[in-house]
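**Q** Take this structure first; my questions come after.
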Amino acid sequence: MAPPPSRVIGKSSQALDLAPVVTSITSLLQNLNPKTLNTENLSSEPLNRFSTYLDTNLVTQVINKQTNPYHALFFFNWASNPNPNPNNYTHTNRCYEAITNLLLSRSLISPATQLLEKSGKLSDFFIGKIIKAYGKKGDIKAALFWFNNAKALEKESFLFSFNAILGVLVKASEINLLKTLFDEVVNEGLVQLDVSSYTALITGLCKAGMVDNAKKVFDEMSCKRNLVTFNTMMNGFCKKGDMENACSLFNQMMMNEEDCLPNLITYNTLIYGYCKKGEFEEAMKYMNKMEKAGCLPDVMTYRAITYGLCINGKVDEAKKMISKMRLDGLKDTAIHVSILKGLCGVWRPEEAIEYFKWMESCKIDLNANAYGLVVYEYCKLGKASEALLLLEAMRKRGVHSKLWPINSVLRTLVEQGELSRAVKLLKKFPIYGCPPNFMSYRTVICNLCKGEGKMKDVSILAHRMQKRGLVMDATMYSCILERYWLSLLQKRRSGNEEKNQLLAAMDGGAGYNPRTVEEVFRDFKGRRAGMIKALTTDVEEFYQQCDPEKENLCLYGFPSEQWEVNLPAEEVPPELPEPALGINFARDGMQEKDWLSLVAVHSDAWLLSVAFYFGARFGFDKADRKRLFNMINDLPTIFEVVTGVSKKQTKEKSSVSNHSSNKSKSNPKRASEPPQAKYSKAAASKDEDDDGLEEEDEEEHGETLCGACGENYAADEFWICCDICEKWFHGKCVKITPARAEHIKQYKCPSCSNKRSRP
């Protein structure tokens, strides 16, 4: 390899155009081609000719030029100790930063840390970069390990590392850990927090829906806020639908923070917030303000408006907005996918398909999301053949499909009884760009087991499934064993009695099935208690699990009083009636209390359908069905519990009873309190009451309902009252014991506690 032209040799590197030198070194490194960290057998002597040019600028340019990190590391190690070294060159922090950035960007974290440790450069600044690299890999444990190393190493100066770990925890949605770590560092008082620290915490709290907590941090910041902080807080308000506070923040930026004037992101955030609420006139007002302030609308502005129009069903207006965008000289193919998604969201599948065909005719670049949406619409219309043709067209264009559209086609074929085509499609998954998953195999195998003569296909698919490392679950084993046993019974020509006994045994082994009115009611109460828990005491966790970015989700209640947010069952038909599909999609499009009320209504409908499904399955007659309904009707609905209607009705009944009996009460609240009054102090008052008052209390307490489970008051149970909403709860429902209650000065129920963080 020839060195650069001789006319540049001997001149100071500052006076040189380093591009020819960088190119020559890069070519030489490509010829040497170091492929691993171990380069002991590879001589660096050819690089010695460039020692004259060594300085910080040359080294950083060479490192940044390399596409292969091993080439850069080989050069860096040579430059650490060149021979000869006429300029007495040594690496500066800029050089270490350049090589560290390159290694970490290629996930070579261990070589980067070893290099820094060996050179004694392992400072807070570089540890912050290492923490970010582990966070990018999703290794939270390693990121926390290095943060603790930074604390031990720097003692009182680990701000870079602290901000880095905060960012990692926000990205990983580890909000509880984020708050704990932040409070711990603040209490230690070892680091002077900067605006990035507070902004990271505000971002995490807003991401978890804890906007009020974020606003409290925002107001109590000990340093000056910057534009990013304002925009982050405003984004939290807009996602929550609190446009009043978002506008208040906007006015604060305009009036009090001259160096934090609204920018394009600020306006786009407000426009998106108003569009999401369906207040498009307000959105357009801010778009006009934006233009007057010298901020021209960009693609993101139009995306926000069109997306808001689409999710609110105003697809035609969204199309007009796209025309305006074109007149403004902006182009954005992705915005058409928003229109497509909007048409799908408002159940206009035929229009969605026509719009997709128009996109094809305009030669718009169609991605996997666009294809997937239309495939899913074809499936909703029952047009499996058209969906398959679209998958094939997608494959020919080199677009790799996502898994959910193909699984949708698979389910449609199974529902239509076309099992042979479903099996063929299952085998063709890899050519569409994604292998089948557990649910793909389960859908086909379980339905094959329902027919006769399909066990050979089942055996082949089960073998392929296990070969891919997928493990069959109890449902799949149950389906396969049931079909084998049925075949065996038919071959032996057993009587109906033996067959029914076998099926009953298998049915009992697969899960609990109530068969009497009392058992069905017990099943109903257990599922109901679980769903009430999800919508009240566990509402924070339920809210986070209903991510709108995920596929269609349902809320399930179980007889064990537990709840679960999950995808719908893949069996066709399902073992039990299915709950409302897609509860997660509406979460961010309406106020939280309205969304929870909507979920509660659908949950009530599902509980009734499950109960009467069991009634039909086990032959309940008219009297049994009536008795079951009356037992269910004695309980308040989930909707009444969640919205507080049941408590209101109880208070009204109590008020009417008190008025008719003309009995004076010294304390109105005590009139509806259970005898185990708050904090276990009822025992003393009970001794002081006479028998007449005790009988009166029992009548009134019979109307008191638990705010968590909705059950009536029982004389042998401990209850506790919330000092905020004045609802009563079983101690066991809110995990409060009598002993613990003695030490509580003011009790707040889980629902009121959650309202502090996300009303």
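Note on naming: chains are A, B, ... as they come in the structure tokens, residues start from 1 per chain, ligands start from 1 in the order shown.
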Within 12 Å of segment 213-215 of chain A, counting only C-alpha atoms, which residues qualify if same-chain residues fewer than 4 places away don't, as number ranges by chain?
**A** A: 175, 179, 198-209, 219-221, 229-230, 232-237, 245-246, 249, 753-759
**Q** Just the residues within 8 Å of segment 541-558 of chain A, please, counting only C-alpha atoms, with nothing from its chain fewer than 3 positions along; format it as a ChimeraX atom specification.
**A** /A:208,523,526-531,534-535,538,561-568,579-588,603
**Q** So which residues touch segment 450-453 of chain A within 10 Å, counting only C-alpha atoms, skipping near sequence neighbours fewer than 4 positions away, as a ChimeraX atom specification?
**A** /A:419,445-446,457-458,479-480,482-484,486-487
**Q** Could you list, as a list of chain:residue names, every residue within 12 Å of Met472 of chain A, counting only C-alpha atoms and ignoring same-chain residues fewer than 2 positions away?
**A** A:Asn437, A:Phe438, A:Met439, A:Ser440, A:Tyr441, A:Arg442, A:Thr443, A:Ile445, A:Cys446, A:Leu461, A:Ala462, A:His463, A:Arg464, A:Met465, A:Gln466, A:Lys467, A:Arg468, A:Gly469, A:Leu470, A:Ala474, A:Thr475, A:Met476, A:Tyr477, A:Ser478, A:Cys479, A:Ile480
**Q** With a distance cut-off of 12 Å and only C-alpha atoms, select the neighbouring residues of segment 304-310 of chain A, excluding the residue or stretch itself and same-chain residues fewer than 3 positions from it, and output the selection as a ChimeraX atom specification.
**A** /A:265,267-284,286-287,297-301,313-325,332,334-348,352,588-589
**Q** Could you work out how far atom CA of Ser197 of chain A lies from atom CA of Lys136 of chain A, giving the answer in Å with one decimal?
**A**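 Computed distance, atom CA of Lys136 of chain A to atom CA of Ser197 of chain A, equals 18.7 Å.
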**Q** Residues of segment 196-299 of chain A classed as helix (DSSP H, G or I) by DSSP on the backbone are to be reported as a VMD selection string.
**A** chain A and resid 196 to 207 211 to 219 227 to 240 243 to 255 258 to 260 264 to 277 280 to 292 299
**Q** Grab the atom CA of Thr643 of chain A to atom CA of Lys216 of chain A distance for me, in Å with one decimal place.
**A**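 That distance, rounded to one decimal, is 27.3 Å.
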**Q** Taking only C-alpha atoms into account, which of A:Asn68, A:Ser609, A:Asn83, A:Thr516 comes nearest Asp624 of chain A?
**A**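 Ranked by minimum distance to Asp624 of chain A, first place goes to A:Thr516.
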**Q** Quick one: residues within 12 Å of Lys151 of chain A, only C-alpha atoms, excluding same-chain residues fewer than 2 positions away - as a PyMOL selection string?
**A** chain A and resi 123-124+127-128+144-149+153-162+165+185+188+190-191
**Q** Since we have the selection now, will you write its residues out, keeping N, CA and C atoms, as a tab-separated table (two decimals), in the first residue's frame?
**A**
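Written file, out-v9.tsv:
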chain	number	residue	atom	x	y	z
A	123	SER	N	-14.51	6.58	33.49
A	123	SER	CA	-15.05	7.68	34.27
A	123	SER	C	-16.57	7.65	34.22
A	124	ASP	N	-17.18	8.58	34.93
A	124	ASP	CA	-18.64	8.69	34.93
A	124	ASP	C	-19.18	8.89	33.52
A	127	ILE	N	-18.96	5.53	31.66
A	127	ILE	CA	-19.88	4.55	32.26
A	127	ILE	C	-21.31	4.86	31.84
A	128	GLY	N	-21.63	6.16	31.71
A	128	GLY	CA	-22.95	6.52	31.20
A	128	GLY	C	-23.22	5.93	29.83
A	144	LEU	N	-27.90	-1.50	35.75
A	144	LEU	CA	-27.90	-1.13	37.17
A	144	LEU	C	-26.56	-1.46	37.83
A	145	PHE	N	-25.96	-2.57	37.43
A	145	PHE	CA	-24.64	-2.95	37.96
A	145	PHE	C	-23.61	-1.86	37.67
A	146	TRP	N	-23.61	-1.35	36.43
A	146	TRP	CA	-22.63	-0.32	36.08
A	146	TRP	C	-22.95	1.02	36.74
A	147	PHE	N	-24.24	1.28	36.99
A	147	PHE	CA	-24.57	2.50	37.72
A	147	PHE	C	-24.01	2.44	39.13
A	148	ASN	N	-24.14	1.30	39.78
A	148	ASN	CA	-23.58	1.15	41.12
A	148	ASN	C	-22.06	1.26	41.09
A	149	ASN	N	-21.43	0.77	40.01
A	149	ASN	CA	-19.98	0.94	39.85
A	149	ASN	C	-19.61	2.42	39.75
A	153	LEU	N	-17.18	4.47	42.13
A	153	LEU	CA	-15.97	5.01	41.52
A	153	LEU	C	-15.86	6.52	41.69
A	154	GLU	N	-16.98	7.22	41.43
A	154	GLU	CA	-16.94	8.67	41.42
A	154	GLU	C	-17.35	9.32	42.74
A	155	LYS	N	-18.00	8.55	43.60
A	155	LYS	CA	-18.43	9.02	44.92
A	155	LYS	C	-19.47	10.14	44.83
A	156	GLU	N	-19.04	11.35	44.42
A	156	GLU	CA	-19.95	12.49	44.44
A	156	GLU	C	-20.12	13.12	43.06
A	157	SER	N	-19.77	12.39	42.01
A	157	SER	CA	-19.90	12.95	40.67
A	157	SER	C	-20.27	11.85	39.69
A	158	PHE	N	-21.54	11.46	39.70
A	158	PHE	CA	-21.98	10.41	38.77
A	158	PHE	C	-23.26	10.83	38.07
A	159	LEU	N	-23.33	12.11	37.68
A	159	LEU	CA	-24.53	12.64	37.05
A	159	LEU	C	-24.80	12.01	35.69
A	160	PHE	N	-23.73	11.84	34.87
A	160	PHE	CA	-23.91	11.22	33.55
A	160	PHE	C	-24.49	9.82	33.69
A	161	SER	N	-23.93	9.05	34.59
A	161	SER	CA	-24.41	7.68	34.81
A	161	SER	C	-25.84	7.68	35.33
A	162	PHE	N	-26.14	8.62	36.23
A	162	PHE	CA	-27.48	8.69	36.80
A	162	PHE	C	-28.52	9.01	35.73
A	165	ILE	N	-29.01	5.91	33.47
A	165	ILE	CA	-29.84	4.83	34.02
A	165	ILE	C	-31.30	5.26	34.09
A	185	VAL	N	-31.36	8.74	45.28
A	185	VAL	CA	-30.26	9.65	44.97
A	185	VAL	C	-30.54	11.04	45.55
A	188	GLU	N	-29.87	10.93	49.26
A	188	GLU	CA	-28.43	10.86	49.56
A	188	GLU	C	-27.78	12.23	49.41
A	190	LEU	N	-25.92	13.40	47.08
A	190	LEU	CA	-24.54	13.37	46.58
A	190	LEU	C	-24.40	14.02	45.21
A	191	VAL	N	-25.51	14.13	44.47
A	191	VAL	CA	-25.45	14.66	43.11
A	191	VAL	C	-26.41	15.84	42.98
**Q** Name the residues in contact with Glu350 of chain A at a cut-off of 10 Å, using only C-alpha atoms, excluding same-chain residues fewer than 3 positions from it; report them as a VMD selection string.
**A** chain A and resid 343 to 344 347 353 to 356 374 377 to 378 381
**Q** Write out, as a PDB file, in the first residue's frame, the residues just selected, with N, CA, C and O atoms.
**A**
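Below is the file part_3.pdb, written as the result:
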ATOM      1  N   LEU A 343     -60.224   3.686   8.373  1.00  0.00           N
ATOM      2  CA  LEU A 343     -61.337   2.985   7.732  1.00  0.00           C
ATOM      3  C   LEU A 343     -61.589   1.632   8.386  1.00  0.00           C
ATOM      4  O   LEU A 343     -62.732   1.216   8.569  1.00  0.00           O
ATOM      5  N   CYS A 344     -60.493   0.963   8.752  1.00  0.00           N
ATOM      6  CA  CYS A 344     -60.639  -0.330   9.437  1.00  0.00           C
ATOM      7  C   CYS A 344     -61.240  -0.142  10.828  1.00  0.00           C
ATOM      8  O   CYS A 344     -62.072  -0.942  11.272  1.00  0.00           O
ATOM      9  N   TRP A 347     -65.030   0.236  10.999  1.00  0.00           N
ATOM     10  CA  TRP A 347     -65.756  -0.894  10.407  1.00  0.00           C
ATOM     11  C   TRP A 347     -66.291  -0.545   9.009  1.00  0.00           C
ATOM     12  O   TRP A 347     -67.464  -0.744   8.696  1.00  0.00           O
ATOM     13  N   ILE A 353     -60.521  -1.617   1.648  1.00  0.00           N
ATOM     14  CA  ILE A 353     -59.958  -2.422   0.551  1.00  0.00           C
ATOM     15  C   ILE A 353     -59.842  -1.581  -0.713  1.00  0.00           C
ATOM     16  O   ILE A 353     -58.830  -1.634  -1.431  1.00  0.00           O
ATOM     17  N   GLU A 354     -60.860  -0.765  -1.007  1.00  0.00           N
ATOM     18  CA  GLU A 354     -60.817   0.096  -2.192  1.00  0.00           C
ATOM     19  C   GLU A 354     -59.707   1.138  -2.072  1.00  0.00           C
ATOM     20  O   GLU A 354     -59.020   1.445  -3.052  1.00  0.00           O
ATOM     21  N   TYR A 355     -59.543   1.683  -0.877  1.00  0.00           N
ATOM     22  CA  TYR A 355     -58.480   2.675  -0.678  1.00  0.00           C
ATOM     23  C   TYR A 355     -57.107   2.040  -0.857  1.00  0.00           C
ATOM     24  O   TYR A 355     -56.200   2.651  -1.424  1.00  0.00           O
ATOM     25  N   PHE A 356     -56.972   0.809  -0.391  1.00  0.00           N
ATOM     26  CA  PHE A 356     -55.705   0.088  -0.564  1.00  0.00           C
ATOM     27  C   PHE A 356     -55.413  -0.112  -2.058  1.00  0.00           C
ATOM     28  O   PHE A 356     -54.274   0.060  -2.502  1.00  0.00           O
ATOM     29  N   VAL A 374     -55.308  -4.826   5.448  1.00  0.00           N
ATOM     30  CA  VAL A 374     -56.269  -5.245   4.426  1.00  0.00           C
ATOM     31  C   VAL A 374     -56.506  -6.755   4.490  1.00  0.00           C
ATOM     32  O   VAL A 374     -57.641  -7.217   4.301  1.00  0.00           O
ATOM     33  N   GLU A 377     -59.001  -7.185   7.106  1.00  0.00           N
ATOM     34  CA  GLU A 377     -60.340  -6.778   6.662  1.00  0.00           C
ATOM     35  C   GLU A 377     -60.982  -7.855   5.794  1.00  0.00           C
ATOM     36  O   GLU A 377     -62.183  -8.118   5.906  1.00  0.00           O
ATOM     37  N   TYR A 378     -60.185  -8.458   4.913  1.00  0.00           N
ATOM     38  CA  TYR A 378     -60.716  -9.570   4.118  1.00  0.00           C
ATOM     39  C   TYR A 378     -61.202 -10.693   5.033  1.00  0.00           C
ATOM     40  O   TYR A 378     -62.239 -11.314   4.783  1.00  0.00           O
ATOM     41  N   LEU A 381     -64.523 -10.049   6.534  1.00  0.00           N
ATOM     42  CA  LEU A 381     -65.600 -10.264   5.567  1.00  0.00           C
ATOM     43  C   LEU A 381     -65.753 -11.738   5.197  1.00  0.00           C
ATOM     44  O   LEU A 381     -66.643 -12.087   4.412  1.00  0.00           O
TER      45      LEU A 381
END
